[in-house]
$ cat final_6.txt   # compact mmCIF, C-alpha atoms
# COMPACT_ATOMS: atom_id res chain seq x y z
CA MET K 1 1.15 -26.61 -14.61
CA THR K 2 -1.11 -24.57 -12.30
CA ILE K 3 -0.38 -20.93 -11.66
CA LEU K 4 -1.96 -19.06 -8.76
CA LEU K 5 -2.34 -15.35 -9.38
CA PHE K 6 -2.17 -12.61 -6.77
CA GLY K 7 -2.55 -8.84 -6.73
CA ILE K 8 -2.59 -7.08 -10.07
CA THR K 9 -1.70 -10.28 -11.99
CA LYS K 10 -5.17 -11.58 -11.09
CA ASP K 11 -6.69 -8.47 -12.67
CA ILE K 12 -4.47 -8.68 -15.76
CA VAL K 13 -5.30 -12.33 -16.45
CA GLY K 14 -8.90 -11.97 -15.28
CA SER K 15 -8.89 -15.08 -13.11
CA SER K 16 -7.30 -16.30 -9.90
CA THR K 17 -5.66 -19.36 -11.48
CA LEU K 18 -4.21 -20.18 -14.84
CA SER K 19 -3.28 -23.47 -16.44
CA VAL K 20 -0.27 -23.58 -18.74
CA PRO K 21 -0.20 -26.46 -21.22
CA THR K 22 2.90 -28.52 -20.65
CA SER K 23 2.30 -31.12 -23.30
CA SER K 24 4.23 -30.99 -26.56
CA ILE K 25 0.99 -31.80 -28.41
CA THR K 26 0.22 -28.08 -28.38
CA ASN K 27 3.44 -27.57 -30.31
CA ARG K 28 4.46 -24.75 -28.01
CA THR K 29 7.73 -24.47 -26.20
CA ILE K 30 7.32 -25.72 -22.67
CA PRO K 31 8.80 -23.37 -20.09
CA LYS K 32 11.58 -25.12 -18.18
CA THR K 33 12.63 -22.32 -15.87
CA VAL K 34 10.97 -19.50 -13.99
CA SER K 35 12.30 -16.94 -16.47
CA GLU K 36 11.01 -18.95 -19.45
CA LEU K 37 7.63 -19.13 -17.77
CA LYS K 38 7.63 -15.36 -17.22
CA LYS K 39 8.47 -14.86 -20.90
CA CYS K 40 5.77 -17.28 -22.02
CA LEU K 41 3.14 -15.60 -19.82
CA GLY K 42 4.32 -12.16 -20.93
CA ASP K 43 3.75 -13.10 -24.57
CA THR K 44 0.14 -14.00 -23.82
CA TYR K 45 -0.48 -11.18 -21.33
CA PRO K 46 1.78 -8.26 -22.32
CA GLU K 47 0.62 -6.22 -19.31
CA LEU K 48 2.61 -8.64 -17.13
CA ASN K 49 5.82 -7.42 -18.77
CA LYS K 50 5.28 -3.99 -17.20
CA LEU K 51 5.77 -5.39 -13.70
CA SER K 52 9.37 -4.62 -12.79
CA SER K 53 9.16 -6.37 -9.44
CA LEU K 54 7.29 -9.67 -9.66
CA ALA K 55 7.97 -12.40 -7.13
CA VAL K 56 7.44 -15.99 -8.29
CA ALA K 57 6.97 -18.89 -5.89
CA VAL K 58 7.38 -22.53 -6.83
CA ASN K 59 5.70 -24.98 -4.45
CA ASN K 60 5.25 -22.25 -1.85
CA ALA K 61 8.86 -21.09 -1.87
CA TYR K 62 10.29 -17.95 -3.45
CA ALA K 63 12.10 -18.85 -6.68
CA GLU K 64 14.88 -17.14 -8.62
CA ASP K 65 14.65 -16.76 -12.42
CA ASP K 66 16.95 -19.71 -13.12
CA GLN K 67 15.02 -22.24 -11.02
CA LEU K 68 13.87 -25.30 -12.95
CA ILE K 69 10.16 -26.04 -13.05
CA ASN K 70 8.09 -29.01 -14.14
CA ALA K 71 4.48 -29.90 -14.91
CA PHE K 72 3.69 -30.89 -11.34
CA ASP K 73 4.86 -27.67 -9.73
CA GLU K 74 2.44 -25.20 -8.27
CA ILE K 75 3.53 -21.71 -9.27
CA ALA K 76 2.38 -18.42 -7.77
CA LEU K 77 2.83 -14.95 -9.24
CA ILE K 78 3.05 -12.45 -6.39
CA PRO K 79 3.48 -8.82 -7.41
CA PRO K 80 3.93 -6.21 -4.69
CA VAL K 81 0.67 -4.67 -3.45
CA SER K 82 0.51 -1.26 -1.83
CA GLY K 83 -2.98 -0.63 -0.47
CA GLY K 84 -3.59 0.10 3.17
CA MET N 1 -1.63 -9.51 37.90
CA ASP N 2 -4.07 -6.90 36.73
CA LEU N 3 -7.63 -8.23 36.39
CA ARG N 4 -7.86 -6.20 33.21
CA TYR N 5 -5.59 -8.66 31.36
CA ASP N 6 -6.80 -11.79 33.17
CA ARG N 7 -8.24 -13.45 30.05
CA GLN N 8 -4.90 -13.41 28.26
CA THR N 9 -2.56 -13.93 31.23
CA ARG N 10 -4.39 -17.16 32.03
CA LEU N 11 -3.16 -18.56 28.72
CA SER N 12 -0.21 -20.66 29.81
CA GLN N 13 1.89 -19.80 26.74
CA PHE N 14 1.34 -16.07 27.25
CA GLY N 15 0.96 -15.74 31.01
CA PRO N 16 2.09 -12.90 33.27
CA GLY N 17 5.47 -13.02 31.52
CA GLY N 18 3.85 -12.23 28.16
CA GLN N 19 1.91 -9.39 29.73
CA ALA N 20 5.05 -7.94 31.29
CA ALA N 21 6.84 -8.17 27.94
CA LEU N 22 3.99 -6.34 26.21
CA ALA N 23 3.95 -3.64 28.90
CA ALA N 24 7.69 -3.13 28.36
CA SER N 25 7.42 -2.88 24.58
CA LYS N 26 7.42 0.23 22.44
CA VAL N 27 5.58 -0.10 19.15
CA LEU N 28 5.46 2.46 16.34
CA VAL N 29 2.47 2.32 14.00
CA VAL N 30 2.96 4.20 10.72
CA GLY N 31 -0.41 5.06 9.18
CA LEU N 32 -3.79 5.34 10.91
CA GLY N 33 -5.85 4.10 7.98
CA GLY N 34 -7.55 0.80 7.23
CA LEU N 35 -4.62 -1.31 8.47
CA GLY N 36 -3.39 0.94 11.28
CA ILE N 37 -6.74 1.29 13.05
CA PRO N 38 -7.18 -2.38 14.08
CA VAL N 39 -3.46 -2.52 14.94
CA VAL N 40 -3.63 0.39 17.39
CA GLN N 41 -6.99 -0.66 18.86
CA TYR N 42 -5.84 -4.19 19.71
CA LEU N 43 -2.33 -3.30 20.86
CA ASN N 44 -3.74 -0.53 23.05
CA ALA N 45 -6.42 -2.81 24.50
CA MET N 46 -3.94 -5.63 25.17
CA GLY N 47 -1.56 -3.47 27.18
CA VAL N 48 1.40 -2.45 25.01
CA GLY N 49 3.46 0.00 27.09
CA VAL N 50 4.26 2.69 24.53
CA LEU N 51 2.39 3.22 21.29
CA GLY N 52 3.73 5.72 18.75
CA LEU N 53 1.30 6.93 16.08
CA VAL N 54 2.35 8.55 12.80
CA ASP N 55 -0.19 10.13 10.45
CA HIS N 56 -0.94 13.54 8.99
CA ASP N 57 -4.30 12.93 7.32
CA LYS N 58 -7.72 14.16 8.27
CA VAL N 59 -10.79 11.95 8.61
CA GLU N 60 -12.75 11.94 5.36
CA LEU N 61 -16.13 10.47 4.51
CA HIS N 62 -14.71 7.74 2.26
CA ASN N 63 -12.50 6.52 5.16
CA LEU N 64 -15.45 5.46 7.31
CA GLN N 65 -16.31 2.17 5.51
CA ARG N 66 -13.06 0.60 6.75
CA GLN N 67 -11.42 2.85 9.35
CA VAL N 68 -13.84 1.89 12.09
CA LEU N 69 -12.35 3.94 14.94
CA TYR N 70 -13.62 7.13 13.31
CA SER N 71 -17.23 8.28 13.33
CA GLU N 72 -19.28 10.83 11.42
CA LYS N 73 -18.67 13.54 13.98
CA ASP N 74 -14.91 13.17 13.40
CA LEU N 75 -15.04 14.22 9.74
CA GLY N 76 -12.47 16.90 9.02
CA LYS N 77 -10.54 16.35 12.29
CA SER N 78 -6.96 15.10 12.27
CA LYS N 79 -6.77 11.32 12.53
CA ILE N 80 -4.08 11.53 15.16
CA SER N 81 -6.15 13.67 17.54
CA VAL N 82 -9.24 11.47 17.14
CA ALA N 83 -7.14 8.34 17.67
CA GLU N 84 -5.52 9.84 20.78
CA GLU N 85 -8.89 10.63 22.34
CA LYS N 86 -10.43 7.24 21.61
CA LEU N 87 -7.37 5.18 22.55
CA ASN N 88 -7.12 7.10 25.83
CA GLN N 89 -10.72 6.23 26.62
CA GLN N 90 -10.02 2.60 25.73
CA ASN N 91 -6.89 2.20 27.88
CA SER N 92 -5.50 5.12 29.85
CA ASN N 93 -2.40 3.13 30.90
CA THR N 94 -0.78 3.26 27.46
CA GLN N 95 1.75 5.99 26.80
CA LEU N 96 0.77 7.45 23.41
CA ASN N 97 3.41 9.33 21.43
CA LEU N 98 1.85 11.37 18.63
CA TYR N 99 3.64 12.33 15.43
CA ASP N 100 1.31 14.57 13.42
CA THR N 101 3.40 14.24 10.27
CA PHE N 102 3.97 11.83 7.42
CA LEU N 103 7.03 9.61 7.76
CA THR N 104 9.75 11.12 5.54
CA ARG N 105 13.40 10.43 4.86
CA ASP N 106 14.20 13.40 7.14
CA ASN N 107 12.31 12.21 10.22
CA ALA N 108 12.17 8.39 9.83
CA LEU N 109 15.43 7.45 11.57
CA GLU N 110 14.85 9.78 14.49
CA ILE N 111 11.29 8.61 15.09
CA ILE N 112 11.91 4.86 14.59
CA SER N 113 15.01 4.82 16.81
CA ASN N 114 12.76 5.23 19.87
CA TYR N 115 10.87 1.97 19.29
CA ASP N 116 11.36 -1.81 19.51
CA ILE N 117 9.25 -2.68 16.49
CA VAL N 118 7.49 -0.85 13.64
CA VAL N 119 4.16 -1.61 11.99
CA ASP N 120 3.98 -0.69 8.31
CA ALA N 121 0.33 0.25 7.93
CA THR N 122 0.91 2.67 5.06
CA ASP N 123 -0.72 2.78 1.65
CA ASN N 124 2.13 3.57 -0.71
CA PHE N 125 5.41 2.10 -1.96
CA PRO N 126 7.73 5.04 -1.20
CA THR N 127 6.89 4.90 2.53
CA ARG N 128 7.11 1.08 2.58
CA TYR N 129 10.65 1.18 1.14
CA LEU N 130 11.57 4.02 3.49
CA ILE N 131 10.38 1.98 6.51
CA ASN N 132 12.32 -1.06 5.27
CA ASP N 133 15.56 0.84 4.81
CA ALA N 134 15.27 2.77 8.08
CA CYS N 135 14.51 -0.45 10.00
CA VAL N 136 17.49 -2.21 8.41
CA ILE N 137 19.79 0.69 9.31
CA LEU N 138 18.49 0.77 12.90
CA ASN N 139 18.19 -3.04 13.18
CA LYS N 140 14.48 -2.96 14.09
CA PRO N 141 11.96 -5.60 13.01
CA PHE N 142 8.81 -4.46 11.22
CA VAL N 143 5.44 -6.02 10.55
CA TYR N 144 4.31 -5.54 7.00
CA GLY N 145 0.71 -5.49 5.79
CA ALA N 146 -0.60 -4.53 2.35
CA LEU N 147 -3.84 -4.86 0.43
CA HIS N 148 -5.11 -5.36 -3.06
CA ALA N 149 -8.90 -5.46 -3.47
CA PHE N 150 -10.04 -8.62 -1.59
CA GLU N 151 -6.50 -9.78 -0.90
CA GLY N 152 -3.98 -9.04 1.84
CA HIS N 153 -0.27 -9.75 2.41
CA VAL N 154 1.42 -9.99 5.83
CA SER N 155 4.99 -10.66 6.94
CA LEU N 156 7.51 -9.90 9.67
CA PHE N 157 10.65 -8.43 8.13
CA ASN N 158 14.15 -7.82 9.45
CA TYR N 159 13.46 -9.94 12.55
CA GLN N 160 16.64 -11.32 14.17
CA ASN N 161 18.62 -10.91 10.94
CA GLY N 162 15.83 -12.52 8.92
CA PRO N 163 14.85 -11.46 5.38
CA THR N 164 13.60 -7.99 4.53
CA TYR N 165 11.04 -6.44 2.19
CA ARG N 166 13.75 -6.02 -0.44
CA CYS N 167 14.40 -9.79 -0.36
CA LEU N 168 10.93 -10.18 -1.89
CA TYR N 169 10.85 -7.02 -3.98
CA PRO N 170 14.38 -5.67 -4.48
CA THR N 171 13.39 -2.37 -6.09
CA MET N 172 10.43 -0.08 -5.84
CA PRO N 173 7.90 -0.57 -8.65
CA ASN N 174 7.33 2.53 -10.71
CA ALA N 175 4.21 4.51 -10.05
CA GLU N 176 2.20 3.23 -13.00
CA GLU N 177 2.62 -0.49 -12.39
CA VAL N 178 0.47 -1.14 -9.39
CA PRO N 179 -2.69 0.74 -8.42
CA ASP N 180 -3.42 1.87 -4.86
CA CYS N 181 -6.69 1.60 -2.91
CA ASN N 182 -7.89 4.95 -4.26
CA GLU N 183 -7.71 3.62 -7.78
CA ASN N 184 -8.48 0.01 -7.14
CA GLY N 185 -10.88 -0.05 -4.21
CA VAL N 186 -10.83 -2.15 -1.06
CA LEU N 187 -13.61 -4.09 0.68
CA GLY N 188 -14.09 -2.57 4.16
CA VAL N 189 -13.54 -5.70 6.23
CA VAL N 190 -10.31 -6.85 4.50
CA PRO N 191 -7.98 -4.24 6.09
CA GLY N 192 -9.62 -5.16 9.41
CA ILE N 193 -8.50 -8.77 8.94
CA ILE N 194 -5.01 -7.94 7.70
CA GLY N 195 -4.42 -5.24 10.34
CA THR N 196 -5.54 -7.65 13.06
CA LEU N 197 -3.05 -10.24 11.76
CA GLN N 198 -0.35 -7.55 11.92
CA ALA N 199 -1.28 -6.83 15.57
CA LEU N 200 -0.96 -10.56 16.31
CA GLU N 201 2.53 -10.64 14.76
CA VAL N 202 3.58 -7.67 16.92
CA VAL N 203 2.38 -9.48 20.05
CA LYS N 204 4.23 -12.67 19.04
CA ALA N 205 7.45 -10.84 18.23
CA MET N 206 7.36 -8.84 21.48
CA THR N 207 6.51 -11.78 23.76
CA GLY N 208 8.27 -14.62 21.96
CA ILE N 209 5.21 -16.86 21.71
CA GLY N 210 4.43 -19.00 18.67
CA GLU N 211 6.21 -18.92 15.34
CA PRO N 212 6.80 -15.42 14.04
CA LEU N 213 6.03 -14.85 10.37
CA SER N 214 9.69 -14.20 9.58
CA GLY N 215 10.85 -15.52 6.20
CA LYS N 216 7.23 -16.23 5.29
CA LEU N 217 4.79 -14.13 3.33
CA LEU N 218 1.17 -14.80 4.25
CA LEU N 219 -1.25 -14.31 1.35
CA PHE N 220 -4.90 -14.05 2.31
CA ASP N 221 -7.71 -14.07 -0.25
CA GLY N 222 -10.98 -12.91 1.23
CA LEU N 223 -13.13 -14.17 -1.62
CA SER N 224 -12.04 -17.80 -1.28
CA GLN N 225 -10.91 -17.60 2.38
CA ASN N 226 -7.69 -19.23 1.17
CA SER N 227 -4.48 -18.52 3.05
CA THR N 228 -1.12 -19.43 1.54
CA LYS N 229 2.33 -19.02 3.04
CA ILE N 230 5.34 -18.48 0.80
CA LYS N 231 8.81 -19.10 2.22
CA PHE N 232 11.61 -16.76 1.23
CA LYS N 233 15.25 -16.33 2.20
CA LEU N 234 17.50 -13.52 3.23
CA ASN N 235 19.66 -11.96 0.55
CA PRO N 236 22.48 -10.74 2.83
CA ASN N 237 23.16 -7.77 0.54
CA ASN N 238 19.84 -6.33 1.66
CA LEU N 239 21.17 -5.93 5.21
CA ASN N 240 24.00 -3.76 3.94
CA ILE N 241 22.02 -0.55 3.89
CA LYS N 242 24.06 2.17 5.56
CA GLU N 243 22.02 5.25 4.75
CA LEU N 244 18.63 6.20 3.35
CA GLN N 245 18.21 6.89 -0.37
CA GLY N 246 18.25 10.53 -1.45
CA SER N 247 14.58 10.29 -2.31
CA TYR N 248 11.85 7.68 -2.05
CA GLU N 249 9.46 9.27 -4.49
CA SER N 250 9.51 7.69 -7.91
CA MET N 251 10.83 9.92 -10.65
CA GLU N 252 7.40 10.83 -11.94
CA CYS N 253 6.38 12.26 -8.59
CA LEU N 254 8.83 15.10 -9.09
CA LEU N 255 7.29 18.47 -8.41
CA VAL N 256 4.65 19.41 -10.94
CA PRO N 257 2.62 22.63 -11.10
CA GLU N 258 -0.36 22.40 -8.77
CA ILE N 259 -3.52 24.31 -7.98
CA SER N 260 -5.30 24.04 -4.64
CA ALA N 261 -8.83 22.69 -4.67
CA GLN N 262 -10.05 26.01 -3.22
CA ALA N 263 -8.40 27.99 -6.02
CA TYR N 264 -9.81 25.62 -8.62
CA GLN N 265 -13.28 25.94 -7.11
CA ALA N 266 -12.94 29.74 -7.37
CA LYS N 267 -12.13 29.35 -11.09
CA ARG N 268 -15.22 27.21 -11.55
CA ASN N 269 -17.34 29.88 -9.88
CA SER N 270 -15.96 32.58 -12.18
CA ASP N 271 -17.38 32.84 -15.67
CA GLN N 272 -14.29 31.97 -17.65
CA ALA N 273 -14.20 28.69 -19.56
CA ILE N 274 -11.98 26.04 -18.01
CA CYS N 275 -10.55 22.84 -19.38
CA LEU N 276 -10.40 19.95 -16.88
CA ILE N 277 -9.12 16.46 -17.59
CA ASP N 278 -10.12 13.68 -15.20
CA VAL N 279 -7.54 10.88 -15.38
CA ARG N 280 -9.37 8.32 -13.23
CA THR N 281 -10.69 5.11 -14.75
CA THR N 282 -13.87 5.22 -16.85
CA LYS N 283 -15.64 3.36 -14.04
CA GLU N 284 -14.66 5.94 -11.41
CA PHE N 285 -15.58 8.71 -13.82
CA ALA N 286 -19.00 7.22 -14.55
CA ASN N 287 -19.64 6.95 -10.84
CA HIS N 288 -19.05 10.63 -10.09
CA HIS N 289 -17.32 13.53 -11.83
CA LEU N 290 -17.29 17.29 -12.09
CA ALA N 291 -19.60 18.66 -14.77
CA GLU N 292 -16.85 20.31 -16.82
CA ALA N 293 -14.47 17.30 -16.74
CA ARG N 294 -13.48 15.17 -19.71
CA ASN N 295 -12.27 11.67 -18.99
CA TYR N 296 -8.86 10.47 -20.21
CA PRO N 297 -7.79 7.55 -17.95
CA LEU N 298 -4.13 7.78 -16.94
CA LYS N 299 -3.23 4.49 -18.58
CA ASP N 300 -4.45 5.73 -21.98
CA LEU N 301 -2.77 9.13 -21.85
CA LYS N 302 0.27 8.04 -23.83
CA THR N 303 -1.77 6.94 -26.82
CA GLU N 304 -5.31 8.13 -27.06
CA ILE N 305 -5.50 11.71 -25.95
CA ASN N 306 -6.67 14.30 -28.44
CA LEU N 307 -6.27 17.67 -26.76
CA ASP N 308 -7.53 20.91 -28.24
CA GLU N 309 -4.29 22.83 -28.40
CA GLN N 310 -6.19 26.13 -28.25
CA ASN N 311 -6.22 25.73 -24.49
CA LYS N 312 -3.47 27.71 -22.79
CA VAL N 313 -4.18 26.18 -19.38
CA VAL N 314 -5.42 22.67 -18.63
CA TYR N 315 -6.29 21.38 -15.15
CA VAL N 316 -5.89 17.71 -14.30
CA ILE N 317 -7.75 15.86 -11.56
CA CYS N 318 -7.93 12.33 -10.13
CA GLN N 319 -9.25 10.90 -6.84
CA SER N 320 -6.51 11.99 -4.43
CA GLY N 321 -3.99 13.99 -6.47
CA LYS N 322 -1.39 11.26 -7.05
CA ARG N 323 -2.41 10.16 -10.54
CA SER N 324 -3.07 13.73 -11.67
CA ALA N 325 0.51 14.65 -10.71
CA LYS N 326 1.81 11.75 -12.82
CA ALA N 327 -0.49 12.80 -15.66
CA VAL N 328 0.73 16.40 -15.54
CA ALA N 329 4.35 15.20 -15.77
CA GLN N 330 3.48 13.12 -18.86
CA LEU N 331 1.27 15.71 -20.56
CA GLN N 332 3.68 18.57 -20.04
CA LYS N 333 6.29 16.69 -22.10
CA LYS N 334 3.82 15.98 -24.86
CA TYR N 335 2.23 19.46 -25.04
CA PRO N 336 4.94 21.94 -24.06
CA GLN N 337 2.87 24.91 -25.24
CA ILE N 338 0.08 24.22 -22.71
CA SER N 339 0.40 24.81 -18.94
CA PHE N 340 -0.91 21.88 -16.92
CA TYR N 341 -1.89 22.03 -13.25
CA SER N 342 -2.70 19.12 -10.94
CA VAL N 343 -5.63 19.74 -8.56
CA VAL N 344 -4.28 19.04 -5.05
CA GLY N 345 -6.39 16.55 -3.09
CA GLY N 346 -8.32 15.60 -6.23
CA MET N 347 -11.98 14.61 -6.19
CA ASN N 348 -11.77 13.83 -2.46
CA LYS N 349 -11.04 17.46 -1.71
CA MET N 350 -13.36 18.89 -4.37
CA THR N 351 -16.27 16.78 -3.17
CA SER N 352 -15.87 17.92 0.42
CA LEU N 353 -15.52 21.57 -0.71
CA ILE N 354 -18.68 21.36 -2.78
CA THR N 355 -20.60 19.63 0.03
CA GLN N 356 -19.54 22.33 2.48
CA SER N 357 -20.61 25.24 0.29
$ encode --input "final_6.txt" --output "structure tokens"
Amino acid sequence: MTILLFGITKDIVGSSTLSVPTSSITNRTIPKTVSELKKCLGDTYPELNKLSSLAVAVNNAYAEDDQLINAFDEIALIPPVSGG
Amino acid sequence: MDLRYDRQTRLSQFGPGGQAALAASKVLVVGLGGLGIPVVQYLNAMGVGVLGLVDHDKVELHNLQRQVLYSEKDLGKSKISVAEEKLNQQNSNTQLNLYDTFLTRDNALEIISNYDIVVDATDNFPTRYLINDACVILNKPFVYGALHAFEGHVSLFNYQNGPTYRCLYPTMPNAEEVPDCNENGVLGVVPGIIGTLQALEVVKAMTGIGEPLSGKLLLFDGLSQNSTKIKFKLNPNNLNIKELQGSYESMECLLVPEISAQAYQAKRNSDQAICLIDVRTTKEFANHHLAEARNYPLKDLKTEINLDEQNKVVYVICQSGKRSAKAVAQLQKKYPQISFYSVVGGMNKMTSLITQS
């Protein structure tokens, strides 16, 4: 599962993309929904948990927390940005 | 048709009809910074009928790398007066309405009600949410643009009952979550690109050409030259705004004790010992700081600070005065026996004071 990072999430993770293992070989729970993915990413990068307003897109469309995701989806984390 | 606009009126999709629509349109641009400058220059050049400008800042040296309308001789002048002069020279047909003020909850509805469309070219969340809510109340579309480092976001909100800013980000992030350009930096050309895209969206919305960026968020990454569009839907509840919020400042921006940069400079020039905390990042601090300052970055204040409690008075500084105000609010709770003061205008103001003297 590929995750594109925007705004401050890019700075928190330190890269513009992130790959989340979706195979059970790693013995980790595989996120099945947007909210599970957020939780999983927040465990690895606790700074992400501080973002109260974080939009998530699945295959280039805004997704609610309960949306189902799979290994082939392209996810984007899009926090609000304020600079001008 | 005017020879002046010949090169755009000969475009069959735009034509004399597009030009007439532009000439009849009234556009309000909030913010004459990195985003607002290309917006006003292009809209003015292309023949928008009425252009309203809202800003209350003065031209400062660190503006010049991206706010390309201003020049060295404009330093210290109000942005609105410099913009008026240069836009008049560029196209004397445009009616310019000048609002030498920041947009606030007390003036937003009155100002915006006179326009067909608003351009959000601001640099902070409170004003972005204020513009959203005022535009929803008045049923005006607005073109959003925002930056983060090498990245820019653009969309057209509240257009023909389309989705709004709150459909993407329902509530305002708190002040510590997301840094602004002062903290984070911005590459000079990026606001030029994003502001120019905003101007294009205004032209499309006013003339009806092309596909407006309504219900789509454009994400531009300057480093990779990648552009991505994210679709999003209206949450109808977000159109149900009937009045503005009581306040758009986040809770931590409540009034804190302040000292003017001039008064602080006078204290420095006197012989008494002063304690100054600089709450910018270690990188900003390393780059430039006042001799007496000690560096405690804002994000570490909650944990790492080790203040000498002998100090009765402690001054707090950052780049512009926003982070120092937040820091004062935090520190005052932690050290009630010390009086903290935020230096208004921060290092920006101090640097210009010191250069002048």
$ closest_residue --input "final_6.txt" --among "N:Leu290, N:Val343, N:Leu35, N:Leu98" --to "K:Ser82" --atoms "only C-alpha atoms"
N:Leu35
$ atom_distance --input "final_6.txt" --atom1 "atom CA of N:Ser78" --atom2 "atom CA of N:Gly246"
29.1 Å
$ interface_residues --input "final_6.txt" --of "chain N" --to "chain K" --cutoff "9 Å" --atoms "all atoms listed in the file" --output "NGL selection string"
:N and (31 or 33-36 or 121-125 or 128 or 145-149 or 151-153 or 168-174 or 176-182 or 184-186 or 191 or 195 or 216 or 219 or 221 or 228-233)
$ atom_distance --input "final_6.txt" --atom1 "atom CA of N:Val279" --atom2 "atom CA of N:Gln356"
24.4 Å
$ atom_distance --input "final_6.txt" --atom1 "atom CA of N:Asp133" --atom2 "atom CA of K:Asp65"
24.6 Å
$ residues_around --input "final_6.txt" --residues "stretch 110-114 of chain N" --least-positions-apart "2" --cutoff "9 Å" --atoms "only C-alpha atoms" --output "PDB file with C-alpha atoms, in the frame of the given file"
ATOM      1  CA  LYS N  26       7.420   0.230  22.440  1.00  0.00           C
ATOM      2  CA  VAL N  27       5.580  -0.100  19.150  1.00  0.00           C
ATOM      3  CA  LEU N  28       5.460   2.460  16.340  1.00  0.00           C
ATOM      4  CA  GLY N  52       3.730   5.720  18.750  1.00  0.00           C
ATOM      5  CA  TYR N  99       3.640  12.330  15.430  1.00  0.00           C
ATOM      6  CA  LEU N 103       7.030   9.610   7.760  1.00  0.00           C
ATOM      7  CA  ASP N 106      14.200  13.400   7.140  1.00  0.00           C
ATOM      8  CA  ASN N 107      12.310  12.210  10.220  1.00  0.00           C
ATOM      9  CA  ALA N 108      12.170   8.390   9.830  1.00  0.00           C
ATOM     10  CA  ASP N 116      11.360  -1.810  19.510  1.00  0.00           C
ATOM     11  CA  ILE N 117       9.250  -2.680  16.490  1.00  0.00           C
ATOM     12  CA  VAL N 118       7.490  -0.850  13.640  1.00  0.00           C
ATOM     13  CA  ILE N 131      10.380   1.980   6.510  1.00  0.00           C
ATOM     14  CA  ALA N 134      15.270   2.770   8.080  1.00  0.00           C
ATOM     15  CA  CYS N 135      14.510  -0.450  10.000  1.00  0.00           C
ATOM     16  CA  LEU N 138      18.490   0.770  12.900  1.00  0.00           C
ATOM     17  CA  LYS N 140      14.480  -2.960  14.090  1.00  0.00           C
TER      18      LYS N 140
END
$ residues_near_point --input "final_6.txt" --point "(1.9, -15.5, 7.2)" --cutoff "6 Å" --atoms "all atoms listed in the file" --output "short mmCIF file (atom, residue, chain, number, x, y, z; two decimals) with C-alpha atoms, in the frame of the given file"
data_model
loop_
_atom_site.label_atom_id
_atom_site.label_comp_id
_atom_site.auth_asym_id
_atom_site.auth_seq_id
_atom_site.Cartn_x
_atom_site.Cartn_y
_atom_site.Cartn_z
CA VAL N 154 1.42 -9.99 5.83
CA SER N 155 4.99 -10.66 6.94
CA LEU N 213 6.03 -14.85 10.37
CA LYS N 216 7.23 -16.23 5.29
CA LEU N 217 4.79 -14.13 3.33
CA LEU N 218 1.17 -14.80 4.25
CA LYS N 229 2.33 -19.02 3.04
#
$ residues_around --input "final_6.txt" --residues "K:Thr44" --least-positions-apart "4" --cutoff "12 Å" --atoms "all atoms listed in the file" --output "PyMOL selection string"
chain K and resi 12-13+18+20+37-40+48-49
$ residues_around --input "final_6.txt" --residues "stretch 300-310 of chain N" --least-positions-apart "4" --cutoff "10 Å" --atoms "only C-alpha atoms" --output "PDB file with C-alpha atoms, in the coordinates of the input"
ATOM      1  CA  CYS N 275     -10.550  22.840 -19.380  1.00  0.00           C
ATOM      2  CA  ILE N 277      -9.120  16.460 -17.590  1.00  0.00           C
ATOM      3  CA  VAL N 279      -7.540  10.880 -15.380  1.00  0.00           C
ATOM      4  CA  THR N 281     -10.690   5.110 -14.750  1.00  0.00           C
ATOM      5  CA  ASN N 295     -12.270  11.670 -18.990  1.00  0.00           C
ATOM      6  CA  TYR N 296      -8.860  10.470 -20.210  1.00  0.00           C
ATOM      7  CA  VAL N 314      -5.420  22.670 -18.630  1.00  0.00           C
ATOM      8  CA  ALA N 327      -0.490  12.800 -15.660  1.00  0.00           C
ATOM      9  CA  GLN N 330       3.480  13.120 -18.860  1.00  0.00           C
ATOM     10  CA  LEU N 331       1.270  15.710 -20.560  1.00  0.00           C
ATOM     11  CA  LYS N 334       3.820  15.980 -24.860  1.00  0.00           C
ATOM     12  CA  TYR N 335       2.230  19.460 -25.040  1.00  0.00           C
ATOM     13  CA  GLN N 337       2.870  24.910 -25.240  1.00  0.00           C
ATOM     14  CA  ILE N 338       0.080  24.220 -22.710  1.00  0.00           C
TER      15      ILE N 338
END
$ closest_residue --input "final_6.txt" --among "N:Ala261, N:Ile80, N:Met206, N:Val189" --to "N:Leu43" --atoms "all atoms listed in the file"
N:Met206
$ residues_near_point --input "final_6.txt" --point "(9.1, -26.0, -20.0)" --cutoff "8 Å" --atoms "all atoms listed in the file" --output "MDAnalysis selection string"
chainID K and resid 22 29:33 36:37 69:71
$ residues_around --input "final_6.txt" --residues "N:Val256" --least-positions-apart "4" --cutoff "10 Å" --atoms "all atoms listed in the file" --output "ChimeraX atom specification"
/N:252,324-329,332,340-342
